[in-house]
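Participant: This is the structure I want to talk about, given as structure tokens.
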Amino acid sequence: MKPLILSAILTLTAPAAFACDSVTSGDVTVWRAWSKVSIGADRPGVLYVGITNKGNTDDALVGVATPVASLPMLHETVVTDGVASMPHAMKVPIPAGASVVLAPGGYHGMLMGLTAALKDGDRFPATLTFEKAGDITINVEVLPLRAEGPDCGDAGQ
Amino acid sequence: MRLRNLQIALWTMALAASIAFVALRWLPVGPSEETGVAFMPSFDLADATGAMRSSDEFGGKFQLVFFGFTSCPDVCPTTLSEVAQVMDDLGEDAARVQPIFISIDPGRDRRLGLRDYTEAFHPAILGLAGTDAQTRAAAASFKIFFEREADAAAPDGYTMSHSPGLYLIGPDGAWLRQFAYGTPAADILSDLQSRF
């Protein structure tokens, strides 16, 4: 009975909280990690996250790993001369003292090879690998297709 | 002297090739709304059931047309989500607008499921995926650019680059304007409402 009540409480209180979590390792903090519902498992999912580097040296996001996708990669949407392309980004620079937000229309994680369709309310861990700060794992919340990001109040750091 | 003539000839050819390259690269990319030249983009493409659909059948309605592909994780879902929001917010006027998604990767999109994709955003969105030739013809008619790019790391080894705009066609079939990628749904909505 107790675990049931506990899980009920967790379920009721969880929704807003998870996507607004932040995790810090050294000078780097990752925050507001979210994804969108995928349409089936055969099309790629997406990963958006904020990254803040409070240190005095530049760092860079060089990789992403998650158990929900066999082939996660970093990409950047670039619109040049009216044409959108999505080149594979080898790394995302996170300059000293700066915040970089992976968000719709810019840098994003492309989750290829999904093990299952991502559904509204799902949560999954993603491990971001930085050149200097090493690995940081954060929980990612799956939001509806039309979401423009989680509502975290003033959590936009 | 002979060598000099040859050099001049080669440089001239190189310059001509550069100009041709720039022209090809630029000209097909989205028409400007300021050109003032009315044109009538058209398409003849199969829908998810395989039935042929033509731009002619939407006379009397505004058409909101987007070219994309269903394995696109960022640009296409963002734009189609905006279209879905616009359709919801139009209320009763939604019947005056036909949103259309034209696949630039028709073979793969038919295999992955066109209807599943458009319905995930909004049931009003009509998904079209023709043959390669029909798709090229539709893109040329809308003066949009798309290209298949080899990418060993992408699913099936390629990805697509494309004009990401949303195109508005009037009830008479004439081009009205494009909404640049990232135009908020509210702006698209108010533009449409101003035309009713």
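Ordering of the structure tokens sets the chain letters (A, B, ...), residue numbers begin anew at 1 in every chain, and ligands are numbered from 1 in the order given.
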Give me, as a Markdown table, each residue of stretch 124-195 of chain B that comes within 9 Å of stretch 93-103 of chain B, together with its shortest interatomic pair and the distance in Å at one decimal, counting only C-alpha atoms, with rows ordered by chain and rising residue number.

Facilitator:
| residue | atom | partner | partner_atom | distance |
| --- | --- | --- | --- | --- |
| B:Ala124 | CA | B:Pro99 | CA | 6.7 |
| B:Ile125 | CA | B:Pro99 | CA | 4.9 |
| B:Leu126 | CA | B:Ile100 | CA | 4.8 |
| B:Gly127 | CA | B:Phe101 | CA | 4.8 |
| B:Leu128 | CA | B:Ile102 | CA | 4.9 |
| B:Ala129 | CA | B:Ser103 | CA | 5.1 |
| B:Gly130 | CA | B:Ser103 | CA | 7.7 |
| B:Thr135 | CA | B:Ser103 | CA | 7.6 |
| B:Ala138 | CA | B:Ile102 | CA | 8.7 |
| B:Pro171 | CA | B:Arg96 | CA | 8.8 |
| B:Leu192 | CA | B:Val97 | CA | 8.8 |
| B:Gln193 | CA | B:Asp93 | CA | 8.5 |

Participant: Dump as a count of residues only the residues of chain A that approach chain B to within 6 Å, counting only C-alpha atoms.

Facilitator: 8

Participant: Find the residues around A:Thr57 up to 10 Å (only C-alpha atoms counted), leave out those fewer than 4 positions away in its own chain, and share them as a PDB file with C-alpha atoms, in the first residue's frame.

Facilitator:
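The result, stored in result_5.pdb:
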ATOM      1  CA  ASP A  27      31.553  24.604 -14.058  1.00  0.00           C
ATOM      2  CA  ASN A  53      29.283  27.316 -18.437  1.00  0.00           C
ATOM      3  CA  ILE A  94      29.945  26.362 -24.801  1.00  0.00           C
ATOM      4  CA  PRO A  95      32.073  29.501 -24.276  1.00  0.00           C
ATOM      5  CA  ALA A  96      33.292  30.509 -20.808  1.00  0.00           C
ATOM      6  CA  GLY A  97      30.624  32.398 -18.899  1.00  0.00           C
ATOM      7  CA  LYS A 132      36.235  19.411 -20.051  1.00  0.00           C
TER       8      LYS A 132
END

Participant: Enumerate as a PyMOL selection string all residues of stretch 1-190 of chain B assigned to strand (DSSP E) by DSSP on the backbone, naming them with the chain letters and numbers the document uses.

Facilitator: chain B and resi 44-46+52-54+62-68+97-103+126-128+146-150+158-162+166-169+175-179

Participant: With N, CA and C atoms retained, could you export that selection as a short mmCIF file (atom, residue, chain, number, x, y, z; two decimals), in the first residue's frame?

Facilitator:
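selection-v1.cif, written as the output of this step:
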data_model
loop_
_atom_site.label_atom_id
_atom_site.label_comp_id
_atom_site.auth_asym_id
_atom_site.auth_seq_id
_atom_site.Cartn_x
_atom_site.Cartn_y
_atom_site.Cartn_z
N ASP B 44 0.19 18.18 -58.76
CA ASP B 44 -0.60 16.97 -59.02
C ASP B 44 0.14 15.85 -58.32
N LEU B 45 -0.38 15.44 -57.16
CA LEU B 45 0.33 14.50 -56.30
C LEU B 45 -0.66 13.55 -55.64
N ALA B 46 -0.18 12.35 -55.30
CA ALA B 46 -1.05 11.38 -54.64
C ALA B 46 -1.16 11.68 -53.15
N MET B 52 -5.11 10.74 -56.66
CA MET B 52 -4.44 11.94 -57.18
C MET B 52 -5.18 13.19 -56.73
N ARG B 53 -4.42 14.15 -56.23
CA ARG B 53 -5.00 15.41 -55.79
C ARG B 53 -4.32 16.53 -56.56
N SER B 54 -5.11 17.52 -56.90
CA SER B 54 -4.56 18.62 -57.69
C SER B 54 -4.88 19.94 -57.02
N PHE B 62 -8.24 29.17 -49.10
CA PHE B 62 -6.82 29.51 -48.93
C PHE B 62 -6.06 28.19 -48.74
N GLN B 63 -4.87 28.11 -49.32
CA GLN B 63 -4.03 26.94 -49.09
C GLN B 63 -2.78 27.36 -48.33
N LEU B 64 -2.49 26.62 -47.27
CA LEU B 64 -1.23 26.82 -46.53
C LEU B 64 -0.35 25.64 -46.87
N VAL B 65 0.69 25.86 -47.65
CA VAL B 65 1.47 24.75 -48.20
C VAL B 65 2.87 24.72 -47.60
N PHE B 66 3.25 23.53 -47.15
CA PHE B 66 4.60 23.34 -46.59
C PHE B 66 5.25 22.15 -47.26
N PHE B 67 6.49 22.32 -47.69
CA PHE B 67 7.26 21.20 -48.25
C PHE B 67 8.19 20.69 -47.15
N GLY B 68 8.21 19.38 -46.94
CA GLY B 68 9.09 18.84 -45.90
C GLY B 68 9.22 17.34 -46.04
N VAL B 97 -9.64 27.29 -44.99
CA VAL B 97 -8.19 27.11 -45.18
C VAL B 97 -7.87 25.61 -45.31
N GLN B 98 -7.12 25.27 -46.34
CA GLN B 98 -6.67 23.88 -46.50
C GLN B 98 -5.16 23.82 -46.26
N PRO B 99 -4.72 23.23 -45.14
CA PRO B 99 -3.29 23.05 -44.94
C PRO B 99 -2.81 21.80 -45.71
N ILE B 100 -1.66 21.95 -46.38
CA ILE B 100 -1.15 20.87 -47.23
C ILE B 100 0.33 20.64 -46.94
N PHE B 101 0.68 19.38 -46.71
CA PHE B 101 2.08 18.99 -46.51
C PHE B 101 2.52 18.23 -47.74
N ILE B 102 3.52 18.73 -48.45
CA ILE B 102 4.03 18.05 -49.65
C ILE B 102 5.38 17.43 -49.33
N SER B 103 5.46 16.11 -49.47
CA SER B 103 6.71 15.42 -49.15
C SER B 103 7.74 15.65 -50.24
N LEU B 126 -3.57 17.86 -45.16
CA LEU B 126 -3.56 16.88 -46.24
C LEU B 126 -2.11 16.59 -46.60
N GLY B 127 -1.71 15.33 -46.46
CA GLY B 127 -0.35 14.92 -46.81
C GLY B 127 -0.31 14.42 -48.24
N LEU B 128 0.67 14.87 -49.00
CA LEU B 128 0.80 14.46 -50.40
C LEU B 128 2.21 13.94 -50.65
N PHE B 146 14.82 22.05 -53.08
CA PHE B 146 15.11 20.94 -52.17
C PHE B 146 16.20 20.08 -52.76
N GLU B 147 16.86 19.37 -51.93
CA GLU B 147 18.01 18.61 -52.38
C GLU B 147 18.25 17.45 -51.43
N ARG B 148 18.60 16.32 -52.00
CA ARG B 148 18.97 15.16 -51.20
C ARG B 148 20.47 15.22 -50.95
N GLU B 149 20.85 15.10 -49.69
CA GLU B 149 22.27 15.17 -49.35
C GLU B 149 22.71 13.86 -48.74
N ALA B 150 23.82 13.34 -49.26
CA ALA B 150 24.36 12.11 -48.69
C ALA B 150 24.83 12.40 -47.26
N TYR B 158 20.98 9.32 -45.99
CA TYR B 158 20.83 10.65 -46.59
C TYR B 158 19.88 11.49 -45.77
N THR B 159 19.96 12.80 -46.01
CA THR B 159 19.01 13.71 -45.40
C THR B 159 18.60 14.72 -46.47
N MET B 160 17.63 15.55 -46.17
CA MET B 160 17.12 16.48 -47.15
C MET B 160 17.34 17.91 -46.67
N SER B 161 17.77 18.77 -47.57
CA SER B 161 17.73 20.20 -47.26
C SER B 161 16.62 20.80 -48.11
N HIS B 162 15.99 21.83 -47.61
CA HIS B 162 14.82 22.34 -48.31
C HIS B 162 14.45 23.75 -47.87
N LEU B 166 6.48 28.58 -45.24
CA LEU B 166 5.09 28.13 -45.32
C LEU B 166 4.45 29.07 -46.33
N TYR B 167 3.80 28.51 -47.35
CA TYR B 167 3.34 29.32 -48.47
C TYR B 167 1.83 29.47 -48.44
N LEU B 168 1.38 30.70 -48.65
CA LEU B 168 -0.06 30.97 -48.65
C LEU B 168 -0.54 31.23 -50.08
N ILE B 169 -1.50 30.43 -50.49
CA ILE B 169 -2.09 30.55 -51.82
C ILE B 169 -3.54 31.02 -51.63
N TRP B 175 -0.46 32.92 -55.79
CA TRP B 175 0.49 33.04 -54.67
C TRP B 175 0.23 34.34 -53.91
N LEU B 176 0.14 34.28 -52.58
CA LEU B 176 -0.03 35.51 -51.80
C LEU B 176 1.24 35.90 -51.06
N ARG B 177 1.81 34.96 -50.32
CA ARG B 177 3.02 35.30 -49.57
C ARG B 177 3.62 34.03 -48.97
N GLN B 178 4.81 34.19 -48.42
CA GLN B 178 5.34 33.10 -47.62
C GLN B 178 5.54 33.58 -46.19
N PHE B 179 5.38 32.65 -45.26
CA PHE B 179 5.71 32.91 -43.86
C PHE B 179 7.07 32.25 -43.63
#

Participant: Could you tell me which of A:Asp42, A:Asp151, A:Asp21, A:Glu76 comes closest to A:Leu118 if we count only C-alpha atoms?

Facilitator: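 Between A:Asp42, A:Asp151, A:Asp21, A:Glu76, the residue approaching A:Leu118 most closely is A:Asp42.
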
Participant: How many Å lie between atom CA of A:Ile136 and atom CA of A:Ala41, rounded to one decimal?

Facilitator: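 Atom CA of A:Ala41 lies at a distance of 25.6 Å from atom CA of A:Ile136.
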
Participant: A:Val142: which residues within 8 Å, counting only C-alpha atoms, same-chain residues fewer than 2 positions away excluded, as an MDAnalysis selection string?

Facilitator: chainID A and resid 34:37 118:123 140 144

Participant: What lies within 6 Å of A:Ala19 using only C-alpha atoms, ignoring chain neighbours under 3 positions off, as a ChimeraX atom specification?

Facilitator: /A:32-34,141

Participant: For those residues, write C-alpha atoms to a file as a PDB file, in the first residue's frame.

Facilitator:
ATOM      1  CA  ARG A  32      15.551  22.180 -18.967  1.00  0.00           C
ATOM      2  CA  ALA A  33      15.994  18.969 -20.930  1.00  0.00           C
ATOM      3  CA  TRP A  34      12.988  18.100 -23.042  1.00  0.00           C
ATOM      4  CA  GLU A 141      10.779  14.918 -20.282  1.00  0.00           C
TER       5      GLU A 141
END

Participant: Enter the distance from atom CA of A:Lys91 to atom CA of A:Ala147, in Å, rounded to one decimal.

Facilitator: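 Interatomic distance, atom CA of A:Lys91 to atom CA of A:Ala147: 25.9 Å.
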
Participant: Using Å and a single decimal, report how far atom CA of A:Ile39 sits from atom CA of A:Thr80.

Facilitator: 27.6 Å

Participant: List every residue of chain B that DSSP, applied to the backbone, labels as helix (DSSP H, G or I), and write the result as a ChimeraX atom specification.

Facilitator: /B:2-26,33-35,55-58,75-96,106-112,114-121,132-142,155-157,185-193

Participant: Could you write out the selected residues, including C-alpha atoms, as a JSON list (two decimals), in the first residue's frame?

Facilitator:
[["chain", "number", "residue", "atom", "x", "y", "z"],
["B", 2, "ARG", "CA", 48.91, 31.72, -77.41],
["B", 3, "LEU", "CA", 49.18, 30.67, -73.80],
["B", 4, "ARG", "CA", 47.85, 34.05, -72.73],
["B", 5, "ASN", "CA", 44.77, 33.65, -74.94],
["B", 6, "LEU", "CA", 44.22, 30.23, -73.49],
["B", 7, "GLN", "CA", 44.51, 31.65, -69.97],
["B", 8, "ILE", "CA", 41.97, 34.35, -70.79],
["B", 9, "ALA", "CA", 39.62, 31.76, -72.25],
["B", 10, "LEU", "CA", 39.96, 29.52, -69.19],
["B", 11, "TRP", "CA", 39.41, 32.37, -66.77],
["B", 12, "THR", "CA", 36.36, 33.48, -68.74],
["B", 13, "MET", "CA", 34.95, 29.98, -68.55],
["B", 14, "ALA", "CA", 35.66, 29.77, -64.83],
["B", 15, "LEU", "CA", 33.93, 33.09, -64.28],
["B", 16, "ALA", "CA", 30.93, 32.00, -66.36],
["B", 17, "ALA", "CA", 30.73, 28.76, -64.39],
["B", 18, "SER", "CA", 30.81, 30.68, -61.10],
["B", 19, "ILE", "CA", 28.04, 33.00, -62.25],
["B", 20, "ALA", "CA", 25.97, 30.05, -63.44],
["B", 21, "PHE", "CA", 26.51, 28.29, -60.14],
["B", 22, "VAL", "CA", 25.44, 31.31, -58.10],
["B", 23, "ALA", "CA", 22.44, 31.87, -60.37],
["B", 24, "LEU", "CA", 21.30, 28.25, -60.08],
["B", 25, "ARG", "CA", 21.82, 28.30, -56.36],
["B", 26, "TRP", "CA", 19.87, 31.53, -55.83],
["B", 33, "GLU", "CA", 6.75, 38.59, -51.65],
["B", 34, "GLU", "CA", 7.80, 41.95, -53.01],
["B", 35, "THR", "CA", 8.15, 40.88, -56.63],
["B", 55, "SER", "CA", -4.25, 22.26, -56.68],
["B", 56, "ASP", "CA", -7.36, 22.97, -58.81],
["B", 57, "GLU", "CA", -9.69, 21.22, -56.37],
["B", 58, "PHE", "CA", -8.94, 23.76, -53.63],
["B", 75, "VAL", "CA", 12.07, 22.24, -38.70],
["B", 76, "CYS", "CA", 9.10, 20.23, -40.01],
["B", 77, "PRO", "CA", 7.44, 19.41, -36.65],
["B", 78, "THR", "CA", 7.87, 23.03, -35.55],
["B", 79, "THR", "CA", 6.17, 24.39, -38.66],
["B", 80, "LEU", "CA", 3.41, 21.76, -38.75],
["B", 81, "SER", "CA", 2.71, 22.40, -35.06],
["B", 82, "GLU", "CA", 2.21, 26.06, -35.88],
["B", 83, "VAL", "CA", -0.11, 25.13, -38.74],
["B", 84, "ALA", "CA", -2.07, 22.88, -36.36],
["B", 85, "GLN", "CA", -2.37, 25.70, -33.84],
["B", 86, "VAL", "CA", -3.56, 28.08, -36.56],
["B", 87, "MET", "CA", -6.23, 25.57, -37.69],
["B", 88, "ASP", "CA", -7.48, 25.20, -34.11],
["B", 89, "ASP", "CA", -7.50, 28.94, -33.50],
["B", 90, "LEU", "CA", -9.37, 29.67, -36.75],
["B", 91, "GLY", "CA", -12.49, 28.08, -35.24],
["B", 92, "GLU", "CA", -15.32, 28.13, -37.79],
["B", 93, "ASP", "CA", -13.09, 29.82, -40.35],
["B", 94, "ALA", "CA", -10.94, 26.69, -40.48],
["B", 95, "ALA", "CA", -13.17, 25.50, -43.32],
["B", 96, "ARG", "CA", -11.78, 28.33, -45.46],
["B", 106, "PRO", "CA", 8.03, 10.75, -51.15],
["B", 107, "GLY", "CA", 9.33, 7.19, -51.42],
["B", 108, "ARG", "CA", 10.50, 6.98, -47.83],
["B", 109, "ASP", "CA", 7.54, 8.96, -46.49],
["B", 110, "ARG", "CA", 5.02, 6.64, -48.13],
["B", 111, "ARG", "CA", 6.85, 3.73, -46.53],
["B", 112, "LEU", "CA", 6.92, 5.38, -43.08],
["B", 114, "LEU", "CA", 2.08, 9.77, -44.51],
["B", 115, "ARG", "CA", -1.29, 9.82, -42.78],
["B", 116, "ASP", "CA", 0.09, 8.84, -39.36],
["B", 117, "TYR", "CA", 2.41, 11.77, -39.67],
["B", 118, "THR", "CA", -0.03, 14.51, -40.69],
["B", 119, "GLU", "CA", -2.73, 13.29, -38.28],
["B", 120, "ALA", "CA", -0.31, 13.49, -35.39],
["B", 121, "PHE", "CA", -0.33, 17.24, -35.95],
["B", 132, "ASP", "CA", 9.92, 12.00, -57.93],
["B", 133, "ALA", "CA", 9.02, 13.71, -61.19],
["B", 134, "GLN", "CA", 5.70, 15.05, -59.82],
["B", 135, "THR", "CA", 7.49, 16.27, -56.69],
["B", 136, "ARG", "CA", 10.11, 18.11, -58.73],
["B", 137, "ALA", "CA", 7.34, 19.66, -60.82],
["B", 138, "ALA", "CA", 5.45, 20.85, -57.73],
["B", 139, "ALA", "CA", 8.63, 22.30, -56.18],
["B", 140, "ALA", "CA", 9.50, 24.07, -59.43],
["B", 141, "SER", "CA", 5.98, 25.45, -59.61],
["B", 142, "PHE", "CA", 6.27, 26.87, -56.08],
["B", 155, "PRO", "CA", 18.81, 7.07, -41.43],
["B", 156, "ASP", "CA", 19.09, 5.36, -44.85],
["B", 157, "GLY", "CA", 22.29, 7.32, -45.52],
["B", 185, "ALA", "CA", 1.17, 30.83, -35.15],
["B", 186, "ALA", "CA", -0.51, 34.01, -33.87],
["B", 187, "ASP", "CA", 1.03, 36.06, -36.70],
["B", 188, "ILE", "CA", -0.09, 33.55, -39.34],
["B", 189, "LEU", "CA", -3.57, 33.52, -37.79],
["B", 190, "SER", "CA", -3.95, 37.30, -37.83],
["B", 191, "ASP", "CA", -2.67, 37.49, -41.41],
["B", 192, "LEU", "CA", -5.29, 34.94, -42.50],
["B", 193, "GLN", "CA", -8.08, 36.62, -40.56]]

Participant: Could you tell me which of A:Ala65, A:Val30, A:Leu111, A:Leu102 comes closest to A:Ala126 if we count only C-alpha atoms?

Facilitator: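 Smallest separation from A:Ala126 among the options: A:Ala65.
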